[in-house]
$ cat work-v9.txt   # compact mmCIF, C-alpha atoms
# COMPACT_ATOMS: atom_id res chain seq x y z
CA MET S 1 0.00 0.00 0.00
CA VAL S 2 2.88 2.32 0.82
CA ALA S 3 4.30 2.05 -2.67
CA ARG S 4 0.92 3.12 -4.06
CA THR S 5 0.60 6.37 -2.16
CA ASP S 6 3.88 7.96 -1.06
CA PRO S 7 5.36 10.34 -3.69
CA GLY S 8 8.81 10.44 -2.06
CA LEU S 9 8.99 6.69 -2.14
CA LYS S 10 7.94 6.66 -5.78
CA ALA S 11 10.92 8.82 -6.75
CA LEU S 12 13.25 6.45 -4.91
CA LEU S 13 11.70 3.29 -6.33
CA GLU S 14 12.23 4.60 -9.85
CA LYS S 15 15.95 4.27 -9.21
CA PHE S 16 15.55 0.52 -8.60
CA VAL S 17 14.49 -2.53 -10.54
CA THR S 18 11.58 -3.77 -8.43
CA VAL S 19 10.44 -7.37 -8.01
CA ARG S 20 7.45 -8.58 -6.06
CA CYS S 21 7.53 -12.20 -4.89
CA VAL S 22 4.51 -13.79 -3.27
CA GLN S 23 5.94 -17.21 -2.47
CA MET S 24 9.22 -19.02 -1.82
CA GLY S 25 8.70 -21.85 -4.31
CA GLY S 26 11.67 -21.88 -6.70
CA VAL S 27 13.50 -19.23 -4.67
CA ASP S 28 17.12 -19.91 -3.66
CA LEU S 29 16.91 -20.34 0.14
CA GLY S 30 20.66 -19.85 0.59
CA LEU S 31 20.58 -16.45 -1.06
CA PHE S 32 17.34 -15.11 0.39
CA GLN S 33 17.77 -15.63 4.11
CA SER S 34 15.70 -13.42 6.36
CA ASP S 35 13.55 -13.69 9.45
CA PRO S 36 10.73 -16.11 8.61
CA MET S 37 8.34 -14.41 11.05
CA LEU S 38 8.18 -11.38 8.80
CA SER S 39 5.04 -10.90 6.80
CA TRP S 40 6.98 -8.52 4.56
CA SER S 41 10.67 -8.73 3.85
CA VAL S 42 12.82 -6.71 1.44
CA PHE S 43 16.24 -7.43 -0.07
CA LEU S 44 18.28 -4.61 -1.59
CA MET S 45 20.77 -6.06 -4.05
CA ASN S 46 22.93 -5.79 -7.12
CA GLY S 47 22.06 -7.61 -10.34
CA ASP S 48 25.06 -9.90 -9.70
CA LYS S 49 23.21 -11.19 -6.56
CA THR S 50 25.35 -9.25 -4.08
CA ILE S 51 23.21 -8.22 -1.11
CA TYR S 52 23.42 -4.59 0.01
CA GLY S 53 20.98 -4.87 2.87
CA ARG S 54 17.70 -6.13 4.26
CA PHE S 55 14.57 -4.46 5.50
CA GLY S 56 12.04 -5.91 7.92
CA LEU S 57 12.18 -6.48 11.66
CA ALA S 58 10.11 -9.07 13.49
CA HIS S 59 9.37 -8.56 17.14
CA GLU S 60 7.80 -10.82 19.70
CA ASP S 61 5.50 -8.02 20.83
CA ALA S 62 3.88 -8.18 17.41
CA LYS S 63 2.76 -11.71 18.23
CA ARG S 64 1.83 -10.99 21.82
CA SER S 65 -0.30 -8.02 20.90
CA LYS S 66 -1.64 -9.91 17.87
CA LYS S 67 -0.50 -7.07 15.66
CA ASP S 68 1.05 -7.54 12.27
CA SER S 69 4.84 -7.58 12.33
CA ASN S 70 4.67 -4.58 9.99
CA THR S 71 4.19 -2.41 13.08
CA ASN S 72 8.00 -2.33 13.26
CA HIS S 73 8.21 -0.80 9.79
CA SER S 74 7.70 2.74 8.57
CA VAL S 75 7.69 4.62 5.27
CA ALA S 76 10.57 6.76 6.56
CA GLY S 77 12.45 3.57 7.43
CA ILE S 78 12.18 2.01 3.95
CA LYS S 79 13.11 5.36 2.39
CA ALA S 80 16.22 5.55 4.58
CA ALA S 81 17.13 1.98 3.60
CA LEU S 82 16.66 2.72 -0.11
CA GLU S 83 18.85 5.82 0.16
CA GLY S 84 21.47 3.72 1.92
CA ALA S 85 21.27 1.07 -0.80
CA LEU S 86 21.86 3.73 -3.48
CA GLU S 87 24.99 4.88 -1.62
CA VAL S 88 26.30 1.32 -1.32
CA HIS S 89 25.43 0.64 -4.97
CA ALA S 90 27.44 3.68 -6.05
CA GLY S 91 30.41 2.58 -3.96
CA TYR S 92 30.19 -1.04 -5.12
CA THR S 93 29.94 -0.24 -8.81
CA GLN S 94 32.85 2.23 -8.62
CA ASP S 95 35.14 0.11 -6.45
CA PRO S 96 34.00 -3.53 -6.45
CA ALA S 97 37.36 -4.84 -5.20
CA THR S 98 36.95 -2.98 -1.89
CA TRP S 99 33.24 -3.60 -1.46
CA LYS S 100 32.94 -7.23 -2.53
CA PRO S 101 34.58 -8.80 0.57
CA ILE S 102 32.61 -6.49 2.87
CA LEU S 103 29.27 -7.31 1.26
CA ALA S 104 30.03 -11.03 0.96
CA ALA S 105 29.13 -11.39 4.65
CA LYS S 106 25.60 -10.23 3.86
CA THR S 107 24.96 -13.61 2.23
CA GLY S 108 24.56 -16.61 4.51
CA ALA S 109 25.91 -20.12 4.14
CA PRO S 110 23.81 -22.28 1.83
CA TRP S 111 21.29 -24.72 3.27
CA PRO S 112 21.55 -28.42 2.40
CA TRP S 113 18.51 -27.90 0.16
CA LYS S 114 18.44 -25.06 -2.34
CA TYR S 115 14.67 -24.88 -2.74
CA ALA S 116 11.98 -25.25 -0.09
CA GLU S 117 9.93 -27.64 -2.22
CA LYS S 118 12.95 -29.98 -2.37
CA THR S 119 13.33 -30.30 1.40
CA PRO S 120 12.42 -33.65 2.98
CA ALA S 121 9.79 -31.98 5.18
CA ALA S 122 8.01 -30.25 2.31
CA ARG S 123 8.02 -33.43 0.26
CA LYS S 124 6.61 -35.41 3.16
CA TYR S 125 3.93 -32.99 4.23
CA LYS S 126 2.57 -32.54 0.72
CA ARG S 127 0.95 -29.40 1.99
CA LEU S 128 2.14 -27.21 -0.83
CA GLU S 129 -0.63 -25.05 -2.10
CA ARG S 130 -1.16 -23.45 -5.43
CA ILE S 131 -1.54 -19.75 -5.90
CA LYS S 132 -3.68 -18.82 -8.83
CA GLY S 133 -1.98 -16.67 -11.39
CA SER S 134 1.58 -17.05 -10.15
CA SER S 135 3.91 -17.46 -13.10
CA ARG S 136 6.51 -19.33 -11.01
CA ASP S 137 3.94 -21.55 -9.41
CA THR S 138 4.57 -24.78 -11.22
CA LYS S 139 4.77 -27.08 -8.22
CA GLY S 140 2.98 -25.22 -5.48
CA CYS S 141 3.47 -22.46 -2.97
CA VAL S 142 5.69 -22.44 0.05
CA HIS S 143 4.78 -19.52 2.23
CA CYS S 144 7.68 -17.26 3.23
CA HIS S 145 6.89 -17.75 6.91
CA GLU S 146 7.06 -21.55 6.58
CA ILE S 147 10.68 -21.65 5.50
CA GLN S 148 12.44 -21.99 8.83
CA ARG S 149 9.93 -24.54 10.00
CA VAL S 150 10.38 -26.62 6.87
CA LEU S 151 14.15 -26.43 7.24
CA ILE S 152 14.19 -27.31 10.94
CA ASP S 153 11.77 -30.18 10.44
CA SER S 154 13.94 -31.40 7.57
CA TYR S 155 16.98 -31.34 9.87
CA PHE S 156 15.06 -33.47 12.37
CA MET S 157 14.00 -35.90 9.67
CA LYS S 158 17.57 -36.25 8.43
CA LYS S 159 18.92 -36.41 12.01
CA LYS S 160 21.12 -33.37 11.44
CA PRO S 161 21.98 -31.34 14.54
CA VAL S 162 19.72 -28.35 15.10
CA THR S 163 21.94 -25.59 16.43
CA ASP S 164 21.12 -22.85 18.92
CA ALA S 165 21.47 -20.36 16.08
CA MET S 166 18.66 -22.13 14.20
CA LEU S 167 16.34 -21.96 17.20
CA TRP S 168 17.34 -18.63 18.78
CA MET S 169 17.37 -17.17 15.29
CA TYR S 170 17.44 -13.57 14.05
CA PRO S 171 18.22 -12.01 17.44
CA HIS S 172 16.41 -8.77 18.02
CA PRO S 173 18.77 -5.86 18.89
CA GLU S 174 16.99 -5.71 22.26
CA TRP S 175 18.66 -9.00 23.19
CA VAL S 176 21.93 -7.10 23.46
CA GLY S 177 20.27 -4.08 25.07
CA LEU S 178 19.68 -1.91 22.00
CA SER S 179 16.55 -0.17 20.80
CA LEU S 180 16.68 1.24 17.28
CA HIS S 181 14.39 3.79 15.68
CA PRO S 182 12.21 2.28 12.89
CA ASP S 183 12.46 5.49 10.81
CA HIS S 184 16.24 5.39 10.58
CA ARG S 185 18.98 3.07 9.42
CA GLY S 186 20.64 2.59 12.79
CA LEU S 187 19.65 5.34 15.20
CA VAL S 188 19.94 4.19 18.82
CA THR S 189 16.99 5.30 20.92
CA LYS S 190 17.65 3.37 24.12
CA VAL S 191 20.45 1.37 25.75
CA VAL S 192 19.57 -0.98 28.60
CA ALA S 193 21.81 -0.61 31.65
CA LYS S 194 24.24 -3.49 32.31
CA SER S 195 23.58 -4.93 28.83
CA PRO S 196 26.31 -5.79 26.28
CA ALA S 197 25.38 -2.58 24.40
CA ALA S 198 25.87 -0.51 27.56
CA ALA S 199 29.18 -2.26 28.27
CA ALA S 200 30.28 -1.36 24.73
CA GLY S 201 29.67 2.31 25.51
CA LEU S 202 26.76 2.79 23.13
CA ARG S 203 24.42 5.67 23.94
CA PRO S 204 21.07 7.00 22.75
CA ASP S 205 21.41 9.20 19.63
CA ASP S 206 24.43 7.24 18.41
CA VAL S 207 24.01 6.21 14.76
CA ILE S 208 25.23 2.72 13.94
CA GLU S 209 26.81 3.03 10.51
CA THR S 210 28.53 -0.34 10.33
CA LEU S 211 28.56 -3.60 12.27
CA GLN S 212 31.45 -5.95 11.60
CA ALA S 213 32.29 -3.54 8.76
CA GLN S 214 28.95 -4.29 7.05
CA PRO S 215 27.00 -1.14 6.13
CA ILE S 216 23.77 -0.82 8.11
CA LEU S 217 20.82 0.17 5.92
CA SER S 218 18.11 -0.71 8.45
CA PRO S 219 17.72 -2.41 11.85
CA ALA S 220 17.31 -5.68 9.89
CA ASP S 221 21.01 -5.46 9.00
CA VAL S 222 21.91 -5.34 12.70
CA VAL S 223 19.75 -8.43 13.19
CA TRP S 224 21.54 -10.16 10.30
CA VAL S 225 24.99 -9.64 11.86
CA LEU S 226 23.73 -10.89 15.23
CA HIS S 227 22.14 -13.89 13.50
CA GLN S 228 25.55 -14.78 12.07
CA THR S 229 27.34 -14.40 15.42
CA PRO S 230 28.23 -17.76 17.02
CA GLU S 231 26.72 -18.93 20.29
CA GLU S 232 30.24 -19.25 21.70
CA GLY S 233 30.29 -15.47 21.89
CA ALA S 234 32.21 -12.85 19.95
CA ARG S 235 33.59 -9.36 20.03
CA LEU S 236 31.83 -7.34 17.35
CA THR S 237 33.03 -4.00 16.04
CA VAL S 238 30.37 -1.32 15.92
CA GLY S 239 31.07 1.69 13.73
CA ILE S 240 29.08 4.63 15.05
CA ARG S 241 28.63 8.31 14.37
CA ARG S 242 28.42 10.43 17.51
CA ASP S 243 28.35 14.22 17.53
CA GLY S 244 29.35 14.26 13.87
CA LYS S 245 32.42 12.07 14.37
CA SER S 246 32.92 8.42 13.46
CA GLN S 247 34.35 5.96 15.96
CA SER S 248 34.47 2.23 16.68
CA LEU S 249 33.22 0.46 19.78
CA PRO S 250 33.68 -3.20 20.79
CA LEU S 251 30.44 -5.08 21.44
CA ALA S 252 31.29 -8.19 23.47
CA LEU S 253 28.75 -11.02 23.46
CA PRO S 254 29.39 -13.67 26.13
CA LYS S 255 29.21 -17.43 25.70
CA ASP S 256 25.60 -18.69 25.45
CA TRP S 257 24.46 -15.12 24.74
CA ARG S 258 21.42 -16.28 22.79
CA ARG S 259 20.20 -18.52 25.62
CA ARG S 260 20.90 -15.81 28.20
CA PHE S 261 19.25 -12.90 26.50
CA GLY S 262 16.97 -14.38 23.84
CA ASP S 263 13.70 -16.19 23.40
CA PHE S 264 12.26 -18.16 20.51
CA ALA S 265 9.16 -19.59 22.18
CA TRP S 266 7.07 -16.74 20.75
CA ARG S 267 7.98 -17.89 17.27
CA TYR S 268 5.00 -20.15 16.96
CA ARG S 269 5.99 -21.33 13.54
CA ILE S 270 9.12 -22.95 14.95
CA ALA S 271 7.70 -23.81 18.32
CA GLY S 272 4.83 -25.50 16.50
CA TYR S 273 6.93 -28.62 16.17
CA ALA S 274 7.80 -28.56 19.82
CA MET S 275 4.21 -27.90 20.79
CA TRP S 276 3.58 -31.54 20.00
CA LEU S 277 6.35 -32.52 22.35
CA TRP S 278 6.30 -29.89 25.02
CA ALA S 279 4.24 -31.25 27.89
CA GLY S 280 0.92 -30.45 26.32
CA ALA S 281 0.65 -27.05 27.89
CA THR S 282 1.09 -23.39 27.23
CA LEU S 283 4.23 -22.27 29.01
CA ALA S 284 5.25 -19.02 30.66
CA ASP S 285 8.58 -17.75 31.92
CA ASP S 286 8.58 -17.29 35.67
CA LYS S 287 11.26 -16.09 38.09
CA ALA S 288 11.33 -19.60 39.52
CA GLY S 289 11.39 -21.34 36.12
CA VAL S 290 9.04 -22.55 33.43
CA ARG S 291 5.44 -22.32 34.56
CA ILE S 292 2.40 -24.14 33.18
CA ALA S 293 0.24 -21.22 32.12
CA SER S 294 -2.63 -23.31 30.78
CA HIS S 295 -3.35 -26.63 29.15
CA ALA S 296 -2.94 -27.04 25.41
CA PRO S 297 -5.77 -25.60 23.30
CA TRP S 298 -8.86 -27.79 22.87
CA TRP S 299 -7.89 -28.86 19.37
CA PHE S 300 -4.84 -30.60 20.88
CA LYS S 301 -6.83 -32.08 23.75
CA LYS S 302 -6.88 -35.61 22.37
CA ASP S 303 -3.13 -35.60 21.70
CA HIS S 304 -2.23 -34.29 25.12
CA LYS S 305 -4.52 -36.32 27.35
CA GLY S 306 -1.47 -37.70 29.24
CA ALA S 307 -0.19 -34.25 30.13
CA ARG S 308 -3.65 -32.99 31.00
CA LYS S 309 -4.03 -35.70 33.61
CA VAL S 310 -0.88 -34.92 35.55
CA LEU S 311 -0.04 -31.24 34.98
CA LYS S 312 -1.86 -28.43 36.69
CA LYS S 313 -2.04 -24.75 35.94
CA ARG S 314 0.63 -22.78 37.86
CA ASP S 315 2.93 -25.82 38.25
CA VAL S 316 6.56 -24.74 37.89
CA ILE S 317 8.93 -27.25 36.31
CA VAL S 318 11.95 -27.64 38.59
CA ALA S 319 13.49 -30.78 37.07
CA VAL S 320 13.33 -32.53 33.70
CA ASP S 321 14.37 -36.18 33.43
CA GLY S 322 16.16 -35.86 36.76
CA LYS S 323 18.06 -32.68 35.78
CA ALA S 324 17.47 -29.50 37.76
CA THR S 325 16.17 -26.66 35.61
CA HIS S 326 18.10 -24.04 37.56
CA ASP S 327 21.86 -23.77 37.16
CA GLY S 328 22.30 -21.76 40.35
CA VAL S 329 22.37 -18.46 38.48
CA ARG S 330 19.20 -18.51 36.40
CA PRO S 331 16.36 -20.92 35.70
CA TRP S 332 15.50 -22.50 32.38
CA THR S 333 13.29 -20.46 30.11
CA ARG S 334 10.50 -21.69 27.86
CA SER S 335 13.02 -21.63 25.02
CA THR S 336 15.58 -23.72 26.95
CA TYR S 337 12.87 -26.24 27.79
CA LEU S 338 11.61 -26.40 24.21
CA ALA S 339 15.14 -26.79 22.86
CA TYR S 340 15.68 -29.69 25.30
CA LEU S 341 12.49 -31.42 24.18
CA MET S 342 13.20 -30.87 20.51
CA ARG S 343 16.70 -32.29 20.77
CA GLU S 344 16.52 -34.93 23.48
CA LYS S 345 13.05 -36.40 23.24
CA LYS S 346 11.17 -38.27 20.57
CA PRO S 347 7.46 -38.36 19.92
CA GLY S 348 5.92 -41.15 21.97
CA SER S 349 8.71 -41.21 24.54
CA THR S 350 8.11 -40.65 28.25
CA ILE S 351 9.14 -37.46 29.98
CA LYS S 352 9.66 -37.22 33.72
CA LEU S 353 9.18 -33.85 35.37
CA THR S 354 9.33 -32.59 38.92
CA VAL S 355 6.96 -29.70 39.42
CA GLN S 356 6.62 -27.24 42.23
CA ARG S 357 2.94 -27.25 43.17
CA GLY S 358 2.26 -24.87 46.03
CA ASP S 359 4.81 -25.78 48.70
CA LYS S 360 5.29 -29.35 47.46
CA GLN S 361 7.51 -30.85 44.81
CA VAL S 362 5.55 -33.43 42.86
CA PRO S 363 7.02 -35.96 40.40
CA VAL S 364 4.93 -36.50 37.27
CA GLN S 365 5.44 -38.39 34.04
CA PHE S 366 3.55 -38.81 30.81
CA LYS S 367 4.00 -39.86 27.22
CA LEU S 368 4.76 -37.23 24.65
CA PRO S 369 2.30 -37.33 21.78
CA ARG S 370 3.09 -38.39 18.26
CA PRO S 371 2.71 -35.48 15.88
CA ARG S 372 0.00 -35.53 13.30
CA PRO S 373 1.56 -34.81 9.89
CA GLU S 374 -1.31 -32.68 8.72
CA VAL S 375 -0.72 -30.28 11.60
CA LEU S 376 3.06 -30.40 11.42
CA GLY S 377 3.04 -29.46 7.80
CA HIS S 378 0.75 -26.52 8.20
CA MET C 1 14.78 -42.45 -37.77
CA ARG C 2 16.14 -39.16 -36.49
CA ILE C 3 13.51 -36.70 -35.41
CA ARG C 4 14.20 -32.98 -35.64
CA LEU C 5 12.86 -31.50 -32.44
CA TRP C 6 13.93 -27.91 -32.73
CA PRO C 7 10.94 -26.70 -34.78
CA LEU C 8 8.63 -28.21 -32.18
CA ALA C 9 10.63 -26.56 -29.35
CA ALA C 10 10.40 -23.19 -31.09
CA VAL C 11 6.64 -23.53 -31.47
CA VAL C 12 6.29 -24.45 -27.77
CA LEU C 13 8.47 -21.51 -26.67
CA LEU C 14 6.51 -19.07 -28.79
CA ALA C 15 3.29 -20.40 -27.34
CA VAL C 16 4.51 -20.29 -23.73
CA ALA C 17 6.01 -16.77 -23.76
CA PRO C 18 2.69 -14.89 -23.85
CA LEU C 19 1.33 -17.32 -21.25
CA HIS C 20 4.06 -16.22 -18.85
CA ALA C 21 3.09 -12.59 -19.30
CA ASP C 22 -0.59 -13.49 -18.90
CA GLU C 23 0.15 -15.31 -15.66
CA GLY C 24 2.04 -12.28 -14.33
CA GLN C 25 -0.94 -10.12 -15.25
CA ALA C 26 -3.31 -12.57 -13.54
CA LEU C 27 -1.21 -12.39 -10.37
CA LYS C 28 -1.27 -8.59 -10.53
CA GLU C 29 -5.07 -8.75 -10.79
CA LEU C 30 -5.27 -11.18 -7.89
CA LEU C 31 -3.19 -8.88 -5.71
CA GLN C 32 -5.18 -5.83 -6.84
CA ASP C 33 -1.95 -4.07 -7.70
CA HIS C 34 -3.51 -1.79 -10.33
CA SER C 35 -2.32 1.42 -8.71
CA LEU C 36 1.11 0.17 -7.66
CA GLN C 37 3.69 2.80 -8.58
CA GLY C 38 6.40 1.94 -11.09
CA ASP C 39 7.11 -1.23 -13.04
CA TRP C 40 7.21 -4.38 -10.97
CA ILE C 41 8.37 -7.80 -12.04
CA TYR C 42 6.12 -10.45 -10.53
CA ASP C 43 7.41 -13.58 -8.87
CA ASP C 44 10.56 -13.95 -10.97
CA VAL C 45 13.80 -13.05 -9.18
CA GLU C 46 15.97 -14.21 -12.10
CA ALA C 47 14.19 -11.76 -14.39
CA GLY C 48 14.92 -9.10 -11.75
CA PHE C 49 18.64 -9.90 -11.70
CA LEU C 50 18.75 -9.77 -15.48
CA ALA C 51 16.95 -6.42 -15.63
CA ALA C 52 19.20 -4.95 -12.92
CA SER C 53 22.36 -6.16 -14.68
CA LYS C 54 21.21 -4.66 -17.98
CA SER C 55 20.09 -1.33 -16.55
CA GLY C 56 22.86 -0.88 -13.98
CA LYS C 57 20.22 -0.10 -11.36
CA PRO C 58 20.14 -1.68 -7.93
CA LEU C 59 17.44 -4.19 -7.21
CA LEU C 60 14.63 -4.26 -4.66
CA ILE C 61 13.05 -7.65 -4.08
CA SER C 62 10.00 -7.72 -1.85
CA PHE C 63 8.66 -10.94 -0.34
CA ARG C 64 5.07 -10.68 0.74
CA CYS C 65 2.58 -13.52 0.80
CA VAL C 66 -0.75 -13.15 -0.91
CA PRO C 67 -2.98 -11.72 1.83

$ encode --input "work-v9.txt" --output "structure tokens"
Amino acid sequence: MVARTDPGLKALLEKFVTVRCVQMGGVDLGLFQSDPMLSWSVFLMNGDKTIYGRFGLAHEDAKRSKKDSNTNHSVAGIKAALEGALEVHAGYTQDPATWKPILAAKTGAPWPWKYAEKTPAARKYKRLERIKGSSRDTKGCVHCHEIQRVLIDSYFMKKKPVTDAMLWMYPHPEWVGLSLHPDHRGLVTKVVAKSPAAAAGLRPDDVIETLQAQPILSPADVVWVLHQTPEEGARLTVGIRRDGKSQSLPLALPKDWRRRFGDFAWRYRIAGYAMWLWAGATLADDKAGVRIASHAPWWFKKDHKGARKVLKKRDVIVAVDGKATHDGVRPWTRSTYLAYLMREKKPGSTIKLTVQRGDKQVPVQFKLPRPRPEVLGH
Amino acid sequence: MRIRLWPLAAVVLLAVAPLHADEGQALKELLQDHSLQGDWIYDDVEAGFLAASKSGKPLLISFRCVP
């Protein structure tokens, strides 16, 4: 809708070749990697497939408040990103030798499967739909937001290890203590005290120009660099502009930074798989640990009858299969618990929990349900 | 007997080319994109790369599911 009404945007768009894709069928998954929770995602590129930047920021609040993830976007923000892309394009075309290695990091490592419709999960589910009128739609449609789910499920099916980076994916800048303005490329609006961003010396009104030398065209580019940062931790270089002067700051991310600061349980399209395994309940993060917020929705009632019998609302999980869910510093989160289930348990296997119920610790056990393919593939 | 296939291939290609354009138009209709500003290539990233390489312009590729 924006492109239909804003005159300033029109003038900018005329400087680009514009492509509108409505599905991921036939699209190279290795090249077009972005947050699958986005309902709208933009790539700014060169014709030789070099990526200049991304646009689109997903946020868990969008899910919680049942708002569209587009609430994190603005017309001013896409304009700023387009202007940034024109600057990078000018630099790249004039001096490709300098820019090529910098921009190479904007492209991720390829997946084992180039196209979504070729993944084991997509082939098994047979849930590919057709979109009328799509010229590329020869075999069916894979929705953009299904990609990560299809990939993760394919990893499970092929018994490939699912990494923390695949689960705690596309880290929001807030994980490291940064809030960025949606109207700007990298304007810092808030820095959380005692966060990695605060330790780096970042301040409100700083403008992040580069991260790991990559030009920042929008907050999505900050997310991309974080997404590529290993779970073992790293020291990132942030290039900022403060009071008209450029300077570099070191952003140190500790070991297990994703688990410490992040959450993927809100990503229902990933957690959907785990929902079939995860104790048949809706979970909540509590100071004491993972709390049973409610039983699974009625449409899962039949599958989760075992869990429904033994779990009660407000139970807090204090041990899983004999392992304490508190390491002495912090308790497990919903995401930690889900990751454990997804990696360590199989459908149909028994899980043993100890739950805190009032002032008593109660041992419970039940069988995890077997997933129904028609739900998994949706 | 050796069969010459190239005339058949040419006929098929000529027949399919307008179909491709028609399908793009049908998708545009489906999305109600009548008033979308500028020229957009529909659902064909390779065509986008080709057009960008020829024109020297940068490329914007938008991914948005059919609502």

$ residues_around --input "work-v9.txt" --residues "Ser349 in chain S" --least-positions-apart "2" --cutoff "7 Å" --atoms "all atoms listed in the file" --output "list in words"
Lys345, Lys346, Pro347, Ile351, Lys367 and Leu368 of chain S

$ closest_atom_pairs --input "work-v9.txt" --of "range 68-129 of chain S" --to "range 43-63 of chain C" --cutoff "8 Å" --atoms "only C-alpha atoms" --output "tab-separated table"
residue	atom	partner	partner_atom	distance
S:Ala85	CA	C:Pro58	CA	7.7
S:Leu86	CA	C:Pro58	CA	7.2
S:His89	CA	C:Pro58	CA	6.5

$ residues_around --input "work-v9.txt" --residues "Glu209 in chain S" --least-positions-apart "2" --cutoff "9 Å" --atoms "all atoms listed in the file" --output "PyMOL selection string"
chain S and resi 185-187+207+211+213-217+238-241+246

$ atom_distance --input "work-v9.txt" --atom1 "CA of Ala97 in chain S" --atom2 "CA of Tyr170 in chain S"
29.0 Å

$ closest_residue --input "work-v9.txt" --among "S:Trp175, S:Trp111, S:Trp224, S:Tyr52" --to "chain C" --atoms "only C-alpha atoms"
S:Tyr52

$ residues_around --input "work-v9.txt" --residues "Ile41 in chain C" --least-positions-apart "4" --cutoff "7 Å" --atoms "all atoms listed in the file" --output "mmCIF file with C-alpha atoms, keeping the file's coordinate frame"
data_model
loop_
_atom_site.group_PDB
_atom_site.id
_atom_site.type_symbol
_atom_site.label_atom_id
_atom_site.label_comp_id
_atom_site.auth_asym_id
_atom_site.auth_seq_id
_atom_site.Cartn_x
_atom_site.Cartn_y
_atom_site.Cartn_z
ATOM 1 C CA THR S 18 11.580 -3.770 -8.430
ATOM 2 C CA VAL S 19 10.440 -7.370 -8.010
ATOM 3 C CA ARG S 20 7.450 -8.580 -6.060
ATOM 4 C CA GLY C 48 14.920 -9.100 -11.750
#

$ closest_residue --input "work-v9.txt" --among "S:Ala76, S:Leu283, S:Leu38, S:Leu311" --to "Trp332 in chain S" --atoms "only C-alpha atoms"
S:Leu283

$ axis_aligned_box --input "work-v9.txt" --around "range 210-222 of chain S" --padding-each-side "8 Å" --output "lines of an AutoDock Vina configuration file"
center_x = 24.8
center_y = -2.9
center_z = 9.3
size_x = 31.0
size_y = 22.1
size_z = 22.8

$ atom_distance --input "work-v9.txt" --atom1 "CA of Ala200 in chain S" --atom2 "CA of Leu251 in chain S"
5.0 Å
